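Enquirer: Here it is, the structure in full.
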Amino acid sequence: RKNHIPSWASEQWRKDTAENIRRFIHHVRGKYGKNIIGYHIASGHTEEWFYWTSYTEDFLDYSKPQTEAFRVWLRKKYTSNEALRSAWNNPDITFETARVPYKTERIRRDFFQFRDPQKSQNVIDYYIFHSEVVVETIEYLARAAKEACNYESLVGVFYGYIFELAGSGLASQNGGHLAMAKMLRCRNVDFYTAPTSYMARQDRK
């Protein structure tokens, strides 16, 4: 059920999940010791760190945590309401009233597959933030895992499905995998995993 899907921007969800990761790792290390080389942290649609509705007509995330985190992100980027208004070409917008773009805004294109910053900077900003939230959540949980194993084990995640998602409608923009440069700077993630492709497997020899 959609109302049971957590928001990755939720600080409470991150704290609770990190605590459970620590407890799990402590249990595994106590029981299996040196037989474990590392831990693979997963969440989201198919546990591959996609937003849960990436492949559907339902768009996420319009929750309170996501909206508040987006406003914090905008403050860091623009620093003043005047700069935000200029960038968004909206004389009435403020950090307190900025919101996650509606589905109709997120679907619209201004020129073929491109968005015009003069018309759609709010959507452009949101999708940058949208992917960065995924990376920040992964780094938060990866750090908890590293601390729990005393930095003695590897920690990895699914990420970087750039070309794979590009062939699935709006999944590329909605999936949350468009912050690879930020992901590669995560100090607590040792490896990334992804399939070669899920597409057209029946045609391969």
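The chains in the structure tokens are called A, B, ... from first to last as shown; in each chain the residues are counted from 1, and the ligands are counted from 1 in the order shown.
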Go through stretch 10-76 of chain A residue by residue and, counting only C-alpha atoms, keep those with an atom at most 7 Å from stretch 142-150 of chain A; for each kept residue give the shortest atom pair and its distance in Å to one decimal, ordered by chain and increasing number, as CSV.
Expert:
```
residue,atom,partner,partner_atom,distance
A:Ala18,CA,A:Ala144,CA,5.7
A:Ile21,CA,A:Ala145,CA,6.4
A:Arg22,CA,A:Ala148,CA,5.3
A:Ile25,CA,A:Ala148,CA,6.3
A:His26,CA,A:Ala148,CA,6.6
```
Enquirer: Output N, CA and C atoms for every residue in the selection just made, as a PDB file, in the first residue's frame.
Expert:
```
ATOM      1  N   ALA A  18      18.825   2.679  10.476  1.00  0.00           N
ATOM      2  CA  ALA A  18      20.240   2.561  10.850  1.00  0.00           C
ATOM      3  C   ALA A  18      20.402   1.731  12.115  1.00  0.00           C
ATOM      4  N   ILE A  21      19.989  -1.880  11.251  1.00  0.00           N
ATOM      5  CA  ILE A  21      21.176  -2.362  10.545  1.00  0.00           C
ATOM      6  C   ILE A  21      22.282  -2.673  11.547  1.00  0.00           C
ATOM      7  N   ARG A  22      22.491  -1.795  12.503  1.00  0.00           N
ATOM      8  CA  ARG A  22      23.515  -2.033  13.533  1.00  0.00           C
ATOM      9  C   ARG A  22      23.218  -3.316  14.307  1.00  0.00           C
ATOM     10  N   ILE A  25      23.930  -6.385  12.100  1.00  0.00           N
ATOM     11  CA  ILE A  25      25.354  -6.637  11.903  1.00  0.00           C
ATOM     12  C   ILE A  25      25.996  -7.165  13.186  1.00  0.00           C
ATOM     13  N   HIS A  26      25.622  -6.615  14.327  1.00  0.00           N
ATOM     14  CA  HIS A  26      26.157  -7.123  15.594  1.00  0.00           C
ATOM     15  C   HIS A  26      25.787  -8.590  15.797  1.00  0.00           C
TER      16      HIS A  26
END
```
Enquirer: Could you name the residues that touch A:Arg99 at 9 Å or less, counting only C-alpha atoms, but leaving out those on the same chain fewer than 3 positions away, as a ChimeraX atom specification?
Expert: /A:62,67-68,70-71,95-96,102,122,126
Enquirer: So how far away is atom CA of A:Val189 from atom CA of A:Arg29, in Å?
Expert: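 Taking atom CA of A:Arg29 and atom CA of A:Val189, their separation equals 19.1 Å.
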Enquirer: Looking at only C-alpha atoms, which of A:Asn90, A:Thr97, A:Ser43, A:Gln113 is the one that sits closest to A:Arg14?
Expert: A:Ser43
Enquirer: Find the residues around stretch 44-54 of chain A up to 10 Å (only C-alpha atoms counted), leave out those fewer than 3 positions away in its own chain, and share them as a VMD selection string.
Expert: chain A and resid 2 5 to 8 41 57 to 61 130 to 131 134 to 135 137 to 138 157 to 161 165 168 to 177 193 to 194
Enquirer: Any chance you could export the current selection's N, CA and C atoms as an mmCIF file, in the first residue's frame?
Expert:
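Result written to result_10.cif:
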```cif
data_model
loop_
_atom_site.group_PDB
_atom_site.id
_atom_site.type_symbol
_atom_site.label_atom_id
_atom_site.label_comp_id
_atom_site.auth_asym_id
_atom_site.auth_seq_id
_atom_site.Cartn_x
_atom_site.Cartn_y
_atom_site.Cartn_z
ATOM 1 N N LYS A 2 0.484 2.232 -0.840
ATOM 2 C CA LYS A 2 1.319 3.410 -0.997
ATOM 3 C C LYS A 2 1.498 4.193 0.297
ATOM 4 N N ILE A 5 4.594 3.302 2.313
ATOM 5 C CA ILE A 5 5.921 3.501 1.748
ATOM 6 C C ILE A 5 6.630 4.613 2.514
ATOM 7 N N PRO A 6 7.832 4.360 3.038
ATOM 8 C CA PRO A 6 8.535 5.412 3.787
ATOM 9 C C PRO A 6 9.118 6.467 2.860
ATOM 10 N N SER A 7 9.356 7.622 3.395
ATOM 11 C CA SER A 7 10.064 8.672 2.678
ATOM 12 C C SER A 7 11.536 8.582 3.063
ATOM 13 N N TRP A 8 12.413 8.495 2.076
ATOM 14 C CA TRP A 8 13.841 8.428 2.373
ATOM 15 C C TRP A 8 14.344 9.725 2.988
ATOM 16 N N ILE A 41 23.367 -3.231 1.307
ATOM 17 C CA ILE A 41 22.199 -2.523 1.822
ATOM 18 C C ILE A 41 21.237 -2.224 0.682
ATOM 19 N N GLU A 57 2.414 4.988 -13.016
ATOM 20 C CA GLU A 57 1.891 6.327 -13.242
ATOM 21 C C GLU A 57 1.750 7.116 -11.945
ATOM 22 N N ASP A 58 2.088 6.491 -10.820
ATOM 23 C CA ASP A 58 2.044 7.183 -9.529
ATOM 24 C C ASP A 58 3.401 7.824 -9.255
ATOM 25 N N PHE A 59 3.403 9.100 -8.926
ATOM 26 C CA PHE A 59 4.645 9.823 -8.714
ATOM 27 C C PHE A 59 4.878 10.048 -7.220
ATOM 28 N N LEU A 60 6.124 9.872 -6.784
ATOM 29 C CA LEU A 60 6.546 10.145 -5.420
ATOM 30 C C LEU A 60 7.617 11.239 -5.453
ATOM 31 N N ASP A 61 7.871 11.936 -4.392
ATOM 32 C CA ASP A 61 7.404 11.757 -3.026
ATOM 33 C C ASP A 61 6.821 13.103 -2.616
ATOM 34 N N HIS A 130 15.858 15.166 -5.873
ATOM 35 C CA HIS A 130 15.191 13.861 -5.848
ATOM 36 C C HIS A 130 16.213 12.721 -5.844
ATOM 37 N N SER A 131 17.229 12.824 -6.675
ATOM 38 C CA SER A 131 18.274 11.795 -6.718
ATOM 39 C C SER A 131 19.260 11.946 -5.563
ATOM 40 N N VAL A 134 18.373 10.091 -2.392
ATOM 41 C CA VAL A 134 18.697 8.662 -2.400
ATOM 42 C C VAL A 134 20.137 8.450 -1.952
ATOM 43 N N VAL A 135 21.041 9.226 -2.516
ATOM 44 C CA VAL A 135 22.464 9.098 -2.181
ATOM 45 C C VAL A 135 22.711 9.429 -0.707
ATOM 46 N N THR A 137 20.656 9.163 1.746
ATOM 47 C CA THR A 137 20.111 8.082 2.572
ATOM 48 C C THR A 137 21.041 6.875 2.570
ATOM 49 N N ILE A 138 21.545 6.528 1.400
ATOM 50 C CA ILE A 138 22.491 5.418 1.293
ATOM 51 C C ILE A 138 23.731 5.684 2.132
ATOM 52 N N VAL A 157 25.944 -1.259 -2.389
ATOM 53 C CA VAL A 157 24.540 -0.993 -2.697
ATOM 54 C C VAL A 157 24.296 -1.145 -4.194
ATOM 55 N N PHE A 158 23.026 -1.282 -4.547
ATOM 56 C CA PHE A 158 22.625 -1.137 -5.942
ATOM 57 C C PHE A 158 22.592 0.351 -6.276
ATOM 58 N N TYR A 159 23.166 0.733 -7.408
ATOM 59 C CA TYR A 159 23.040 2.121 -7.865
ATOM 60 C C TYR A 159 23.676 2.257 -9.244
ATOM 61 N N GLY A 160 23.279 3.318 -9.945
ATOM 62 C CA GLY A 160 23.899 3.657 -11.224
ATOM 63 C C GLY A 160 23.228 3.054 -12.440
ATOM 64 N N TYR A 161 21.921 2.814 -12.372
ATOM 65 C CA TYR A 161 21.205 2.216 -13.500
ATOM 66 C C TYR A 161 20.851 3.285 -14.537
ATOM 67 N N LEU A 165 17.475 2.408 -16.913
ATOM 68 C CA LEU A 165 16.234 3.128 -16.653
ATOM 69 C C LEU A 165 15.808 3.983 -17.834
ATOM 70 N N SER A 168 12.806 2.859 -19.996
ATOM 71 C CA SER A 168 11.541 2.514 -19.332
ATOM 72 C C SER A 168 10.717 3.756 -19.008
ATOM 73 N N GLY A 169 10.271 4.437 -20.052
ATOM 74 C CA GLY A 169 9.382 5.573 -19.871
ATOM 75 C C GLY A 169 9.997 6.662 -19.008
ATOM 76 N N LEU A 170 9.314 6.997 -17.910
ATOM 77 C CA LEU A 170 9.771 8.063 -17.015
ATOM 78 C C LEU A 170 10.619 7.534 -15.862
ATOM 79 N N ALA A 171 10.992 6.271 -15.919
ATOM 80 C CA ALA A 171 11.740 5.668 -14.818
ATOM 81 C C ALA A 171 13.093 6.332 -14.620
ATOM 82 N N SER A 172 13.695 6.832 -15.691
ATOM 83 C CA SER A 172 15.005 7.462 -15.563
ATOM 84 C C SER A 172 14.941 8.694 -14.670
ATOM 85 N N GLN A 173 13.953 9.567 -14.908
ATOM 86 C CA GLN A 173 13.863 10.771 -14.085
ATOM 87 C C GLN A 173 13.276 10.470 -12.717
ATOM 88 N N ASN A 174 12.395 9.479 -12.614
ATOM 89 C CA ASN A 174 11.731 9.196 -11.350
ATOM 90 C C ASN A 174 12.479 8.200 -10.478
ATOM 91 N N GLY A 175 13.445 7.494 -11.052
ATOM 92 C CA GLY A 175 14.099 6.416 -10.327
ATOM 93 C C GLY A 175 14.993 6.851 -9.181
ATOM 94 N N GLY A 176 15.673 7.998 -9.339
ATOM 95 C CA GLY A 176 16.566 8.466 -8.288
ATOM 96 C C GLY A 176 18.017 8.072 -8.467
ATOM 97 N N HIS A 177 18.401 7.647 -9.684
ATOM 98 C CA HIS A 177 19.768 7.195 -9.928
ATOM 99 C C HIS A 177 20.588 8.204 -10.732
ATOM 100 N N THR A 193 26.580 -2.423 -7.310
ATOM 101 C CA THR A 193 26.161 -3.568 -8.111
ATOM 102 C C THR A 193 24.960 -3.202 -8.970
ATOM 103 N N ALA A 194 24.891 -3.849 -10.137
ATOM 104 C CA ALA A 194 23.761 -3.635 -11.049
ATOM 105 C C ALA A 194 23.789 -4.744 -12.093
#
```
Enquirer: Which of stretch 6-172 of chain A counts as strand (DSSP E or B) under DSSP, as a PyMOL selection string please?
Expert: chain A and resi 38-41+45+50+111+114+154-158
Enquirer: Write to file, as an mmCIF file, in the first residue's frame, the residues of the selection just made, with all heavy atoms.
Expert:
```
data_model
loop_
_atom_site.group_PDB
_atom_site.id
_atom_site.type_symbol
_atom_site.label_atom_id
_atom_site.label_comp_id
_atom_site.auth_asym_id
_atom_site.auth_seq_id
_atom_site.Cartn_x
_atom_site.Cartn_y
_atom_site.Cartn_z
ATOM 1 N N GLY A 38 31.145 -8.920 3.770
ATOM 2 C CA GLY A 38 30.558 -7.592 3.614
ATOM 3 C C GLY A 38 29.049 -7.610 3.701
ATOM 4 O O GLY A 38 28.428 -8.662 3.885
ATOM 5 N N TYR A 39 28.469 -6.434 3.542
ATOM 6 C CA TYR A 39 27.019 -6.250 3.670
ATOM 7 C C TYR A 39 26.513 -5.417 2.496
ATOM 8 O O TYR A 39 27.153 -4.443 2.087
ATOM 9 C CB TYR A 39 26.690 -5.553 4.994
ATOM 10 C CG TYR A 39 27.171 -6.339 6.185
ATOM 11 C CD1 TYR A 39 28.454 -6.151 6.696
ATOM 12 C CD2 TYR A 39 26.358 -7.302 6.782
ATOM 13 C CE1 TYR A 39 28.916 -6.894 7.768
ATOM 14 C CE2 TYR A 39 26.803 -8.047 7.857
ATOM 15 C CZ TYR A 39 28.088 -7.842 8.345
ATOM 16 O OH TYR A 39 28.544 -8.591 9.406
ATOM 17 N N HIS A 40 25.374 -5.844 1.982
ATOM 18 C CA HIS A 40 24.763 -5.167 0.830
ATOM 19 C C HIS A 40 23.454 -4.553 1.302
ATOM 20 O O HIS A 40 22.518 -5.262 1.662
ATOM 21 C CB HIS A 40 24.522 -6.184 -0.291
ATOM 22 C CG HIS A 40 24.213 -5.562 -1.616
ATOM 23 N ND1 HIS A 40 22.946 -5.185 -1.968
ATOM 24 C CD2 HIS A 40 25.018 -5.255 -2.662
ATOM 25 C CE1 HIS A 40 22.967 -4.674 -3.187
ATOM 26 N NE2 HIS A 40 24.217 -4.695 -3.630
ATOM 27 N N ILE A 41 23.367 -3.231 1.307
ATOM 28 C CA ILE A 41 22.199 -2.523 1.822
ATOM 29 C C ILE A 41 21.237 -2.224 0.682
ATOM 30 O O ILE A 41 21.636 -1.687 -0.360
ATOM 31 C CB ILE A 41 22.623 -1.213 2.503
ATOM 32 C CG1 ILE A 41 23.601 -1.505 3.642
ATOM 33 C CG2 ILE A 41 21.410 -0.456 3.025
ATOM 34 C CD1 ILE A 41 24.197 -0.266 4.255
ATOM 35 N N HIS A 45 11.987 0.140 -4.677
ATOM 36 C CA HIS A 45 11.373 -0.758 -5.650
ATOM 37 C C HIS A 45 12.369 -1.831 -6.075
ATOM 38 O O HIS A 45 13.499 -1.521 -6.470
ATOM 39 C CB HIS A 45 10.923 0.049 -6.876
ATOM 40 C CG HIS A 45 10.334 -0.762 -7.965
ATOM 41 N ND1 HIS A 45 9.085 -1.305 -7.877
ATOM 42 C CD2 HIS A 45 10.826 -1.136 -9.169
ATOM 43 C CE1 HIS A 45 8.822 -1.984 -8.987
ATOM 44 N NE2 HIS A 45 9.872 -1.890 -9.781
ATOM 45 N N PHE A 50 15.411 2.302 -6.251
ATOM 46 C CA PHE A 50 14.529 3.127 -7.066
ATOM 47 C C PHE A 50 13.399 3.618 -6.166
ATOM 48 O O PHE A 50 12.958 2.894 -5.268
ATOM 49 C CB PHE A 50 13.867 2.329 -8.202
ATOM 50 C CG PHE A 50 14.808 1.572 -9.080
ATOM 51 C CD1 PHE A 50 14.474 0.312 -9.542
ATOM 52 C CD2 PHE A 50 16.020 2.113 -9.481
ATOM 53 C CE1 PHE A 50 15.316 -0.399 -10.362
ATOM 54 C CE2 PHE A 50 16.877 1.399 -10.302
ATOM 55 C CZ PHE A 50 16.522 0.145 -10.750
ATOM 56 N N PHE A 111 10.872 21.363 -24.731
ATOM 57 C CA PHE A 111 11.443 21.269 -26.071
ATOM 58 C C PHE A 111 11.898 19.834 -26.290
ATOM 59 O O PHE A 111 12.924 19.426 -25.764
ATOM 60 C CB PHE A 111 12.621 22.242 -26.227
ATOM 61 C CG PHE A 111 13.201 22.289 -27.610
ATOM 62 C CD1 PHE A 111 12.529 22.924 -28.649
ATOM 63 C CD2 PHE A 111 14.417 21.683 -27.885
ATOM 64 C CE1 PHE A 111 13.066 22.956 -29.933
ATOM 65 C CE2 PHE A 111 14.967 21.706 -29.160
ATOM 66 C CZ PHE A 111 14.278 22.351 -30.191
ATOM 67 N N PHE A 114 13.595 18.010 -23.467
ATOM 68 C CA PHE A 114 14.327 18.951 -22.622
ATOM 69 C C PHE A 114 13.387 19.918 -21.908
ATOM 70 O O PHE A 114 12.275 20.184 -22.361
ATOM 71 C CB PHE A 114 15.332 19.751 -23.460
ATOM 72 C CG PHE A 114 16.368 18.890 -24.121
ATOM 73 C CD1 PHE A 114 16.233 18.523 -25.455
ATOM 74 C CD2 PHE A 114 17.479 18.445 -23.416
ATOM 75 C CE1 PHE A 114 17.186 17.729 -26.073
ATOM 76 C CE2 PHE A 114 18.437 17.644 -24.028
ATOM 77 C CZ PHE A 114 18.292 17.290 -25.357
ATOM 78 N N LEU A 154 33.209 -4.941 3.971
ATOM 79 C CA LEU A 154 32.784 -4.135 2.826
ATOM 80 C C LEU A 154 31.304 -3.782 2.958
ATOM 81 O O LEU A 154 30.523 -4.537 3.530
ATOM 82 C CB LEU A 154 33.013 -4.899 1.528
ATOM 83 C CG LEU A 154 34.454 -5.290 1.198
ATOM 84 C CD1 LEU A 154 34.486 -6.187 -0.025
ATOM 85 C CD2 LEU A 154 35.310 -4.054 0.991
ATOM 86 N N VAL A 155 30.930 -2.662 2.381
ATOM 87 C CA VAL A 155 29.523 -2.248 2.324
ATOM 88 C C VAL A 155 29.226 -1.796 0.898
ATOM 89 O O VAL A 155 29.967 -0.990 0.326
ATOM 90 C CB VAL A 155 29.224 -1.102 3.313
ATOM 91 C CG1 VAL A 155 27.815 -0.548 3.085
ATOM 92 C CG2 VAL A 155 29.366 -1.576 4.748
ATOM 93 N N GLY A 156 28.159 -2.338 0.334
ATOM 94 C CA GLY A 156 27.808 -1.980 -1.038
ATOM 95 C C GLY A 156 26.320 -1.798 -1.216
ATOM 96 O O GLY A 156 25.523 -2.126 -0.327
ATOM 97 N N VAL A 157 25.944 -1.259 -2.389
ATOM 98 C CA VAL A 157 24.540 -0.993 -2.697
ATOM 99 C C VAL A 157 24.296 -1.145 -4.194
ATOM 100 O O VAL A 157 25.224 -1.110 -4.999
ATOM 101 C CB VAL A 157 24.131 0.441 -2.293
ATOM 102 C CG1 VAL A 157 24.194 0.631 -0.786
ATOM 103 C CG2 VAL A 157 24.985 1.487 -3.007
ATOM 104 N N PHE A 158 23.026 -1.282 -4.547
ATOM 105 C CA PHE A 158 22.625 -1.137 -5.942
ATOM 106 C C PHE A 158 22.592 0.351 -6.276
ATOM 107 O O PHE A 158 22.038 1.153 -5.520
ATOM 108 C CB PHE A 158 21.216 -1.705 -6.169
ATOM 109 C CG PHE A 158 21.118 -3.194 -6.096
ATOM 110 C CD1 PHE A 158 20.383 -3.809 -5.100
ATOM 111 C CD2 PHE A 158 21.734 -3.994 -7.052
ATOM 112 C CE1 PHE A 158 20.266 -5.191 -5.039
ATOM 113 C CE2 PHE A 158 21.624 -5.376 -7.001
ATOM 114 C CZ PHE A 158 20.890 -5.976 -5.995
#
```
Enquirer: Excluding A:Thr104 and residues on its chain fewer than 3 positions from it, collect all residues at most 12 Å away from it, counting only C-alpha atoms, and give them as a VMD selection string.
Expert: chain A and resid 57 to 59 100 to 101 107 to 109 120 123
Enquirer: Keeping C-alpha atoms, export the residues of the selection given above as a compact mmCIF listing (two decimals), in the first residue's frame.
Expert:
```txt
# COMPACT_ATOMS: atom_id res chain seq x y z
CA GLU A 57 1.89 6.33 -13.24
CA ASP A 58 2.04 7.18 -9.53
CA PHE A 59 4.65 9.82 -8.71
CA VAL A 100 7.41 19.33 -4.85
CA PRO A 101 6.22 19.85 -8.46
CA ILE A 107 5.58 15.08 -17.09
CA ARG A 108 5.68 18.25 -19.21
CA ARG A 109 8.59 18.93 -21.55
CA SER A 120 10.70 24.65 -15.52
CA VAL A 123 11.20 20.80 -11.85
```
Enquirer: Could you work out how far atom CA of A:Phe129 lies from atom CA of A:Thr79, giving the answer in Å with one decimal?
Expert: 15.7 Å
Enquirer: Mind the document's chain letters and residue numbers, and return as a PyMOL selection string the residues of stretch 37-143 of chain A that DSSP labels helix (DSSP H, G or I).
Expert: chain A and resi 64-78+81-88+103-107+117-143
